[in-house]
Number of protein chains: 2
Amino acid sequence: MSKAANTRLNILHKAFELIYTKGYQTTSIDEIIATTQVTKGAFYYHFKTKDEMGVAIIEEILKPTMQEHFIQPTEASQNPIEDFYNMISYLLLEDPFLQVKYGCPVGNLTQEMTPWNTKFSEALAELVDLWKATIIKSIEKGKETGLIRAEVVGEQVAFFILSGYWGIRNFGKLQNDNSSYLVYLKELKSYLNGLK
Amino acid sequence: MSKAANTRLNILHKAFELIYTKGYQTTSIDEIIATTQVTKGAFYYHFKTKDEMGVAIIEEILKPTMQEHFIQPTEASQNPIEDFYNMISYLLLEDPFLQVKYGCPVGNLTQEMTPWNTKFSEALAELVDLWKATIIKSIEKGKETGLIRAEVVGEQVAFFILSGYWGIRNFGKLQNDNSSYLVYLKELKSYLNGLK
DNA sequence: CATAAAAAATACTAATTAGTATGAAAAGGC
DNA sequence: GCCTTTTCATACTAATTAGTATTTTTTATG
């Protein structure tokens, strides 16, 4: 990778970490260039505006991460119900990057940036739609193999799972300990078993 | 009500509306005093800091509203399952103040202010705990009257309902139309019926 | 190695921010 | 009506913000 591409990626990564922990609006460009050890000239050479950088984070950091960690595993899944639970459980309790007190990066950005910045909204919506579509497909597959009841409606379940995930992450932020996660996961398991 | 108390309440109400639609950080004091037609001297007479005003909004606007609209009705409920659904459905589709594109005021503030402002976190946590506790009590009552299965765990269900609500409001923001609400509500009904 | 283009460094600006200092006007008690 | 306290008005400050203008350095290419 060229040196220039490297600084660009460096900015995106460090900025993402700051934004995840502090929020987008309260993360200043001065702060970003201070932690990246990059000058303002370099920053504005790579990104025309702060918002352009923000959208780049969604498309170049969040999207590939989600593709790799959630889309592909879900597509490969043979047992949707079990794997949905494992996916959420992993995200809540085991993912080494995500922290209880900081919530879900995608959820945070959605909350903070919509409906005021359409570029952000579009990029985030694309991301979420992809995840949702993958879950729906997985449910349909489960219905075919008989692992999921025929009456189950994929779209409804997808919304329900993802909403619950976003919501419980907000609870986690509020209480800053994962006890709420554990309680939530028990009910999630119970709910998912009801789909069998 | 004295004139002074009136300006104070006026500030809180207008500020709350701005914060609900724009977010806390991006709502400036200059903007608040412009829309309230109150001078900066008056503002800082009533509130030592912006954050103090923010906490006052939670305690003096959000809390009483929630008490009146959700706590008391839930306490009076004879049929928890039906009333949980009606409560969420009302909030999503009918409440005249809440708007799809702006999400849930409590959820928004939680997302934006925790974990950085402990005063906000505490005030919000109190609010949410109250709501959660009321739901749990209502479930226990439903178990006694036989409307809810004995194996159902109140705390789990409470987390599940509230998480889903917060989450779907985030979805609503992202898509800015209530079609996702309708899909979600169908699954919520199905989930709640499973508690019988 | 020369040169053009890409990449980055430095110093600045104009606007906005929360908050303050100080004084004037209302309101209430006697 | 006088006086004290409450309430509000005006003008300011210091810090921070995103973004720009300009120059310098680095890199690639002939």
# chains A, B, ... in the order shown; residues from 1 in each chain; ligands from 1
>>> interface_residues(of="chain C", to="chain B", cutoff="8 Å", atoms="only C-alpha atoms (C1' of nucleotides)", output="list in words")
DT17, DA18 and DG19 of chain C
>>> interface_residues(of="chain D", to="chain A", cutoff="9 Å", atoms="only C-alpha atoms (C1' of nucleotides)", output="ChimeraX atom specification")
/D:17-19
>>> write_last_selection(atoms="N, CA, C and O atoms (P, O5', C5', C4', C3', O3' and C1' of nucleotides)", output="short mmCIF file (atom, residue, chain, number, x, y, z; two decimals), in the first residue's frame")
data_model
loop_
_atom_site.label_atom_id
_atom_site.label_comp_id
_atom_site.auth_asym_id
_atom_site.auth_seq_id
_atom_site.Cartn_x
_atom_site.Cartn_y
_atom_site.Cartn_z
P DT D 17 -12.83 21.81 19.33
"O5'" DT D 17 -13.53 22.23 17.97
"C5'" DT D 17 -14.95 22.50 17.96
"C4'" DT D 17 -15.33 23.16 16.66
"C3'" DT D 17 -14.61 22.59 15.45
"O3'" DT D 17 -15.32 21.46 14.98
"C1'" DT D 17 -14.74 24.98 15.36
P DA D 18 -14.62 20.47 13.93
"O5'" DA D 18 -14.90 21.18 12.53
"C5'" DA D 18 -16.23 21.40 12.13
"C4'" DA D 18 -16.24 22.26 10.90
"C3'" DA D 18 -15.61 21.60 9.68
"O3'" DA D 18 -16.41 21.89 8.53
"C1'" DA D 18 -14.45 23.62 10.20
P DG D 19 -16.04 21.34 7.11
"O5'" DG D 19 -15.04 22.44 6.53
"C5'" DG D 19 -15.56 23.75 6.28
"C4'" DG D 19 -14.41 24.68 5.95
"C3'" DG D 19 -13.56 24.25 4.75
"O3'" DG D 19 -13.64 25.26 3.77
"C1'" DG D 19 -12.24 25.05 6.52
#
>>> interface_residues(of="chain A", to="chain B", cutoff="8 Å", atoms="only C-alpha atoms", output="short mmCIF file (atom, residue, chain, number, x, y, z; two decimals) with all heavy atoms, in the first residue's frame")
data_model
loop_
_atom_site.label_atom_id
_atom_site.label_comp_id
_atom_site.auth_asym_id
_atom_site.auth_seq_id
_atom_site.Cartn_x
_atom_site.Cartn_y
_atom_site.Cartn_z
N LYS A 22 -16.74 8.77 21.30
CA LYS A 22 -17.14 10.12 21.71
C LYS A 22 -18.35 10.68 20.98
O LYS A 22 -18.92 11.68 21.40
CB LYS A 22 -15.99 11.09 21.43
CG LYS A 22 -14.71 10.79 22.16
CD LYS A 22 -13.78 11.99 22.03
CE LYS A 22 -14.52 13.25 21.73
NZ LYS A 22 -13.97 14.46 22.31
N GLY A 23 -18.69 10.09 19.87
CA GLY A 23 -19.74 10.68 19.03
C GLY A 23 -19.14 11.49 17.89
O GLY A 23 -18.01 11.99 17.99
N GLN A 25 -20.28 14.43 16.33
CA GLN A 25 -20.27 15.90 16.46
C GLN A 25 -19.20 16.38 17.43
O GLN A 25 -18.64 17.45 17.26
CB GLN A 25 -21.63 16.40 16.94
CG GLN A 25 -22.82 15.81 16.21
CD GLN A 25 -23.22 16.58 14.97
OE1 GLN A 25 -22.51 17.47 14.52
NE2 GLN A 25 -24.35 16.21 14.40
N THR A 26 -18.98 15.62 18.46
CA THR A 26 -18.04 16.07 19.49
C THR A 26 -16.60 15.62 19.21
O THR A 26 -15.72 15.85 20.03
CB THR A 26 -18.47 15.56 20.87
OG1 THR A 26 -18.76 14.17 20.78
CG2 THR A 26 -19.71 16.30 21.34
N LYS A 101 -20.26 0.30 27.10
CA LYS A 101 -20.60 1.70 27.36
C LYS A 101 -20.66 2.56 26.11
O LYS A 101 -21.18 3.67 26.16
CB LYS A 101 -19.62 2.31 28.36
CG LYS A 101 -18.19 2.37 27.90
CD LYS A 101 -17.31 3.01 28.97
CE LYS A 101 -15.85 2.66 28.74
NZ LYS A 101 -14.99 3.11 29.83
N TYR A 102 -20.13 2.06 25.00
CA TYR A 102 -20.14 2.86 23.77
C TYR A 102 -21.21 2.43 22.77
O TYR A 102 -21.37 3.06 21.72
CB TYR A 102 -18.77 2.85 23.12
CG TYR A 102 -17.70 3.44 23.99
CD1 TYR A 102 -16.46 2.82 24.13
CD2 TYR A 102 -17.92 4.62 24.69
CE1 TYR A 102 -15.47 3.35 24.94
CE2 TYR A 102 -16.94 5.16 25.51
CZ TYR A 102 -15.72 4.52 25.63
OH TYR A 102 -14.76 5.06 26.43
N GLY A 103 -21.92 1.38 23.06
CA GLY A 103 -23.02 0.96 22.19
C GLY A 103 -22.60 0.40 20.85
O GLY A 103 -21.49 -0.10 20.68
N GLY A 107 -25.61 1.99 15.13
CA GLY A 107 -26.75 2.57 15.83
C GLY A 107 -26.45 3.99 16.30
O GLY A 107 -27.28 4.90 16.14
N ASN A 108 -25.28 4.19 16.85
CA ASN A 108 -24.90 5.53 17.30
C ASN A 108 -24.94 6.54 16.16
O ASN A 108 -25.52 7.63 16.30
CB ASN A 108 -23.48 5.51 17.88
CG ASN A 108 -23.38 4.72 19.17
OD1 ASN A 108 -24.38 4.23 19.68
ND2 ASN A 108 -22.17 4.58 19.69
N THR A 110 -26.49 6.35 13.33
CA THR A 110 -27.86 6.53 12.85
C THR A 110 -28.58 7.53 13.74
O THR A 110 -29.19 8.49 13.27
CB THR A 110 -28.61 5.19 12.87
OG1 THR A 110 -27.95 4.28 12.01
CG2 THR A 110 -30.04 5.38 12.39
N GLN A 111 -28.50 7.29 15.02
CA GLN A 111 -29.15 8.17 15.97
C GLN A 111 -28.67 9.61 15.82
O GLN A 111 -29.46 10.54 15.79
CB GLN A 111 -28.81 7.67 17.38
CG GLN A 111 -29.57 8.34 18.48
CD GLN A 111 -30.92 7.70 18.68
OE1 GLN A 111 -31.87 8.01 17.99
NE2 GLN A 111 -31.01 6.79 19.61
N GLU A 112 -27.38 9.76 15.69
CA GLU A 112 -26.80 11.11 15.73
C GLU A 112 -26.96 11.87 14.41
O GLU A 112 -27.16 13.07 14.41
CB GLU A 112 -25.31 11.00 16.09
CG GLU A 112 -24.71 12.33 16.55
CD GLU A 112 -23.26 12.19 16.97
OE1 GLU A 112 -22.75 11.04 17.01
OE2 GLU A 112 -22.62 13.22 17.24
N THR A 114 -28.98 10.99 11.43
CA THR A 114 -30.26 11.10 10.74
C THR A 114 -31.21 11.88 11.61
O THR A 114 -31.16 11.78 12.82
CB THR A 114 -30.88 9.71 10.47
OG1 THR A 114 -31.09 9.05 11.71
CG2 THR A 114 -29.99 8.87 9.59
N PRO A 115 -32.11 12.66 11.01
CA PRO A 115 -32.30 12.83 9.58
C PRO A 115 -31.57 14.03 9.01
O PRO A 115 -31.96 14.54 7.96
CB PRO A 115 -33.80 13.05 9.51
CG PRO A 115 -34.11 13.82 10.75
CD PRO A 115 -33.09 13.41 11.78
N TRP A 116 -30.51 14.48 9.66
CA TRP A 116 -29.92 15.75 9.26
C TRP A 116 -28.91 15.67 8.13
O TRP A 116 -28.63 16.63 7.45
CB TRP A 116 -29.30 16.45 10.47
CG TRP A 116 -30.38 16.87 11.39
CD1 TRP A 116 -30.71 16.30 12.59
CD2 TRP A 116 -31.35 17.89 11.15
NE1 TRP A 116 -31.81 16.91 13.10
CE2 TRP A 116 -32.23 17.89 12.25
CE3 TRP A 116 -31.56 18.80 10.12
CZ2 TRP A 116 -33.30 18.76 12.34
CZ3 TRP A 116 -32.63 19.68 10.20
CH2 TRP A 116 -33.48 19.65 11.31
N SER A 121 -27.26 9.09 6.11
CA SER A 121 -28.44 8.24 6.15
C SER A 121 -28.40 7.19 5.06
O SER A 121 -28.67 6.01 5.30
CB SER A 121 -29.70 9.09 6.00
OG SER A 121 -29.78 10.02 7.04
N LEU A 124 -25.74 4.56 5.73
CA LEU A 124 -26.12 3.70 6.84
C LEU A 124 -27.29 2.79 6.45
O LEU A 124 -27.31 1.60 6.80
CB LEU A 124 -26.51 4.55 8.06
CG LEU A 124 -25.35 5.27 8.75
CD1 LEU A 124 -25.87 6.35 9.68
CD2 LEU A 124 -24.46 4.29 9.50
N ALA A 125 -28.24 3.34 5.71
CA ALA A 125 -29.40 2.56 5.32
C ALA A 125 -28.98 1.38 4.43
O ALA A 125 -29.49 0.26 4.57
CB ALA A 125 -30.40 3.44 4.59
N GLU A 155 -39.36 -10.94 7.14
CA GLU A 155 -39.12 -9.52 7.33
C GLU A 155 -39.43 -9.07 8.76
O GLU A 155 -38.70 -8.29 9.36
CB GLU A 155 -39.93 -8.69 6.33
CG GLU A 155 -39.37 -7.29 6.14
CD GLU A 155 -40.31 -6.39 5.35
OE1 GLU A 155 -41.47 -6.79 5.12
OE2 GLU A 155 -39.89 -5.28 4.98
N GLN A 156 -40.54 -9.59 9.27
CA GLN A 156 -40.91 -9.25 10.64
C GLN A 156 -39.84 -9.67 11.63
O GLN A 156 -39.44 -8.90 12.52
CB GLN A 156 -42.23 -9.92 11.02
CG GLN A 156 -43.44 -9.38 10.29
CD GLN A 156 -44.71 -10.12 10.68
OE1 GLN A 156 -44.80 -10.70 11.75
NE2 GLN A 156 -45.72 -10.10 9.82
N VAL A 157 -39.37 -10.88 11.46
CA VAL A 157 -38.37 -11.40 12.39
C VAL A 157 -37.06 -10.61 12.27
O VAL A 157 -36.43 -10.28 13.27
CB VAL A 157 -38.12 -12.90 12.13
CG1 VAL A 157 -36.99 -13.42 13.01
CG2 VAL A 157 -39.39 -13.69 12.38
N PHE A 159 -36.63 -7.47 11.38
CA PHE A 159 -36.81 -6.21 12.09
C PHE A 159 -36.75 -6.41 13.60
O PHE A 159 -36.16 -5.61 14.33
CB PHE A 159 -38.16 -5.57 11.72
CG PHE A 159 -38.08 -4.60 10.58
CD1 PHE A 159 -38.75 -4.83 9.39
CD2 PHE A 159 -37.32 -3.43 10.70
CE1 PHE A 159 -38.68 -3.92 8.34
CE2 PHE A 159 -37.25 -2.53 9.65
CZ PHE A 159 -37.93 -2.78 8.48
N PHE A 160 -37.38 -7.47 14.04
CA PHE A 160 -37.48 -7.72 15.48
C PHE A 160 -36.09 -7.99 16.08
O PHE A 160 -35.75 -7.46 17.13
CB PHE A 160 -38.41 -8.90 15.72
CG PHE A 160 -39.21 -8.79 16.97
CD1 PHE A 160 -40.09 -7.74 17.16
CD2 PHE A 160 -39.09 -9.74 17.99
CE1 PHE A 160 -40.84 -7.64 18.33
CE2 PHE A 160 -39.85 -9.65 19.15
CZ PHE A 160 -40.72 -8.59 19.32
N LEU A 162 -33.08 -7.19 14.79
CA LEU A 162 -32.18 -6.05 14.69
C LEU A 162 -32.60 -4.91 15.62
O LEU A 162 -31.76 -4.24 16.22
CB LEU A 162 -32.10 -5.57 13.25
CG LEU A 162 -31.39 -6.55 12.30
CD1 LEU A 162 -31.43 -6.03 10.87
CD2 LEU A 162 -29.95 -6.77 12.74
N SER A 163 -33.89 -4.69 15.73
CA SER A 163 -34.36 -3.66 16.65
C SER A 163 -33.95 -3.98 18.07
O SER A 163 -33.44 -3.13 18.80
CB SER A 163 -35.89 -3.55 16.60
OG SER A 163 -36.29 -3.07 15.35
N GLY A 164 -34.18 -5.21 18.45
CA GLY A 164 -33.80 -5.62 19.80
C GLY A 164 -32.32 -5.41 20.04
O GLY A 164 -31.92 -4.93 21.11
N TYR A 165 -31.53 -5.73 19.04
CA TYR A 165 -30.09 -5.56 19.21
C TYR A 165 -29.72 -4.09 19.41
O TYR A 165 -29.00 -3.73 20.33
CB TYR A 165 -29.34 -6.13 18.00
CG TYR A 165 -27.88 -5.79 18.03
CD1 TYR A 165 -27.04 -6.30 19.02
CD2 TYR A 165 -27.32 -4.93 17.08
CE1 TYR A 165 -25.70 -5.96 19.07
CE2 TYR A 165 -25.98 -4.60 17.12
CZ TYR A 165 -25.18 -5.12 18.12
OH TYR A 165 -23.85 -4.77 18.17
N TRP A 166 -30.23 -3.24 18.56
CA TRP A 166 -29.95 -1.81 18.71
C TRP A 166 -30.43 -1.28 20.05
O TRP A 166 -29.77 -0.50 20.71
CB TRP A 166 -30.62 -1.03 17.56
CG TRP A 166 -29.68 -0.77 16.43
CD1 TRP A 166 -28.39 -1.15 16.35
CD2 TRP A 166 -29.98 -0.07 15.22
NE1 TRP A 166 -27.86 -0.74 15.14
CE2 TRP A 166 -28.80 -0.08 14.44
CE3 TRP A 166 -31.12 0.56 14.71
CZ2 TRP A 166 -28.73 0.54 13.19
CZ3 TRP A 166 -31.05 1.16 13.47
CH2 TRP A 166 -29.87 1.15 12.71
N GLY A 167 -31.61 -1.73 20.41
CA GLY A 167 -32.18 -1.25 21.66
C GLY A 167 -31.39 -1.68 22.88
O GLY A 167 -31.11 -0.87 23.77
N ILE A 168 -31.02 -2.94 22.92
CA ILE A 168 -30.32 -3.41 24.11
C ILE A 168 -28.94 -2.78 24.21
O ILE A 168 -28.40 -2.58 25.29
CB ILE A 168 -30.24 -4.95 24.16
CG1 ILE A 168 -29.92 -5.42 25.59
CG2 ILE A 168 -29.20 -5.50 23.20
CD1 ILE A 168 -30.99 -5.10 26.62
N ASN A 170 -28.39 0.23 23.54
CA ASN A 170 -28.65 1.52 24.18
C ASN A 170 -28.82 1.36 25.69
O ASN A 170 -28.35 2.18 26.47
CB ASN A 170 -29.92 2.15 23.57
CG ASN A 170 -29.78 3.63 23.36
OD1 ASN A 170 -28.69 4.18 23.41
ND2 ASN A 170 -30.90 4.30 23.13
N PHE A 171 -29.47 0.26 26.08
CA PHE A 171 -29.56 -0.05 27.51
C PHE A 171 -28.19 -0.25 28.11
O PHE A 171 -27.89 0.22 29.20
CB PHE A 171 -30.39 -1.33 27.71
CG PHE A 171 -31.82 -1.07 27.99
CD1 PHE A 171 -32.76 -1.17 26.98
CD2 PHE A 171 -32.24 -0.71 29.26
CE1 PHE A 171 -34.10 -0.93 27.23
CE2 PHE A 171 -33.57 -0.47 29.51
CZ PHE A 171 -34.50 -0.57 28.50
N LYS A 173 -25.39 1.03 27.20
CA LYS A 173 -24.75 2.33 27.39
C LYS A 173 -25.21 2.95 28.70
O LYS A 173 -24.41 3.47 29.48
CB LYS A 173 -25.13 3.28 26.24
CG LYS A 173 -24.44 3.01 24.94
CD LYS A 173 -24.78 4.08 23.90
CE LYS A 173 -23.84 5.25 23.97
NZ LYS A 173 -23.88 6.11 22.76
N LEU A 174 -26.50 2.88 28.90
CA LEU A 174 -27.10 3.56 30.06
C LEU A 174 -26.61 2.97 31.37
O LEU A 174 -26.35 3.69 32.33
CB LEU A 174 -28.62 3.45 29.96
CG LEU A 174 -29.46 4.39 30.81
CD1 LEU A 174 -29.01 5.82 30.65
CD2 LEU A 174 -30.93 4.25 30.43
N GLN A 175 -26.47 1.66 31.41
CA GLN A 175 -26.12 1.03 32.68
C GLN A 175 -24.65 0.68 32.77
O GLN A 175 -24.12 0.43 33.85
CB GLN A 175 -26.96 -0.24 32.87
CG GLN A 175 -28.40 0.00 32.49
CD GLN A 175 -29.35 -0.98 33.15
OE1 GLN A 175 -30.53 -0.82 33.06
NE2 GLN A 175 -28.83 -2.01 33.80
N ASN A 176 -24.00 0.67 31.63
CA ASN A 176 -22.58 0.38 31.58
C ASN A 176 -22.17 -0.89 32.31
O ASN A 176 -21.15 -0.94 32.99
CB ASN A 176 -21.76 1.57 32.09
CG ASN A 176 -20.29 1.41 31.77
OD1 ASN A 176 -19.91 0.60 30.91
ND2 ASN A 176 -19.45 2.15 32.45
N SER A 180 -27.57 -6.43 31.77
CA SER A 180 -28.79 -6.30 30.96
C SER A 180 -28.67 -7.15 29.70
O SER A 180 -29.67 -7.70 29.22
CB SER A 180 -29.05 -4.84 30.60
OG SER A 180 -27.91 -4.24 30.05
N VAL A 183 -29.68 -10.78 30.56
CA VAL A 183 -31.13 -10.94 30.69
C VAL A 183 -31.77 -10.93 29.31
O VAL A 183 -32.63 -11.76 28.98
CB VAL A 183 -31.71 -9.82 31.57
CG1 VAL A 183 -33.23 -9.93 31.64
CG2 VAL A 183 -31.11 -9.84 32.96
N TYR A 184 -31.34 -9.98 28.51
CA TYR A 184 -31.90 -9.86 27.15
C TYR A 184 -31.67 -11.14 26.35
O TYR A 184 -32.57 -11.63 25.65
CB TYR A 184 -31.26 -8.67 26.44
CG TYR A 184 -31.57 -8.62 24.97
CD1 TYR A 184 -32.77 -8.06 24.51
CD2 TYR A 184 -30.68 -9.12 24.03
CE1 TYR A 184 -33.05 -8.03 23.17
CE2 TYR A 184 -30.95 -9.08 22.69
CZ TYR A 184 -32.14 -8.53 22.26
OH TYR A 184 -32.43 -8.49 20.92
N LYS A 186 -31.34 -14.17 27.26
CA LYS A 186 -32.22 -15.27 27.66
C LYS A 186 -33.56 -15.18 26.94
O LYS A 186 -34.09 -16.17 26.44
CB LYS A 186 -32.43 -15.25 29.17
CG LYS A 186 -31.26 -15.81 29.95
CD LYS A 186 -31.61 -15.95 31.44
CE LYS A 186 -30.38 -16.33 32.24
NZ LYS A 186 -30.61 -16.19 33.69
N GLU A 187 -34.10 -13.98 26.90
CA GLU A 187 -35.40 -13.81 26.26
C GLU A 187 -35.27 -13.96 24.75
O GLU A 187 -36.18 -14.47 24.09
CB GLU A 187 -36.01 -12.45 26.62
CG GLU A 187 -37.47 -12.29 26.22
CD GLU A 187 -38.40 -13.25 26.98
OE1 GLU A 187 -37.97 -13.81 28.01
OE2 GLU A 187 -39.54 -13.45 26.52
N LEU A 188 -34.13 -13.52 24.21
CA LEU A 188 -33.92 -13.70 22.78
C LEU A 188 -33.94 -15.19 22.42
O LEU A 188 -34.57 -15.59 21.44
CB LEU A 188 -32.58 -13.08 22.35
CG LEU A 188 -32.19 -13.29 20.89
CD1 LEU A 188 -33.15 -12.58 19.94
CD2 LEU A 188 -30.75 -12.83 20.62
N TYR A 191 -37.43 -16.37 22.50
CA TYR A 191 -38.16 -15.89 21.32
C TYR A 191 -37.77 -16.68 20.06
O TYR A 191 -38.64 -17.12 19.29
CB TYR A 191 -37.89 -14.40 21.10
CG TYR A 191 -38.24 -13.90 19.72
CD1 TYR A 191 -39.56 -13.78 19.31
CD2 TYR A 191 -37.23 -13.56 18.82
CE1 TYR A 191 -39.87 -13.34 18.03
CE2 TYR A 191 -37.54 -13.12 17.55
CZ TYR A 191 -38.85 -13.01 17.16
OH TYR A 191 -39.16 -12.57 15.89
N GLY A 194 -39.21 -20.01 19.72
CA GLY A 194 -40.61 -19.97 19.32
C GLY A 194 -40.80 -19.97 17.81
O GLY A 194 -41.93 -20.15 17.33
#
>>> residues_around(residues="Lys196 (chain A)", least_positions_apart="6", cutoff="10 Å", atoms="only C-alpha atoms (C1' of nucleotides)", output="number ranges by chain")
A: 81, 142-143, 146-150, 152
>>> atom_distance(atom1="CA of Trp131 (chain B)", atom2="CA of Asn6 (chain B)")
28.7 Å
>>> residues_around(residues="DA21 (chain C)", least_positions_apart="2", cutoff="12 Å", atoms="only C-alpha atoms (C1' of nucleotides)", output="PyMOL selection string")
(chain B and resi 41) or (chain C and resi 19+23) or (chain D and resi 10-13)
>>> select_by_dssp(residues="region 4-153 of chain A", states="alpha helix (DSSP H)", output="ChimeraX atom specification")
/A:4-22,29-36,40-46,50-57,63-66,72-76,80-89,105-113,118-144
>>> residues_around(residues="DG30 (chain D)", least_positions_apart="3", cutoff="12 Å", atoms="only C-alpha atoms (C1' of nucleotides)", output="list in words")
DC1, DA2, DT3 and DA4 of chain C
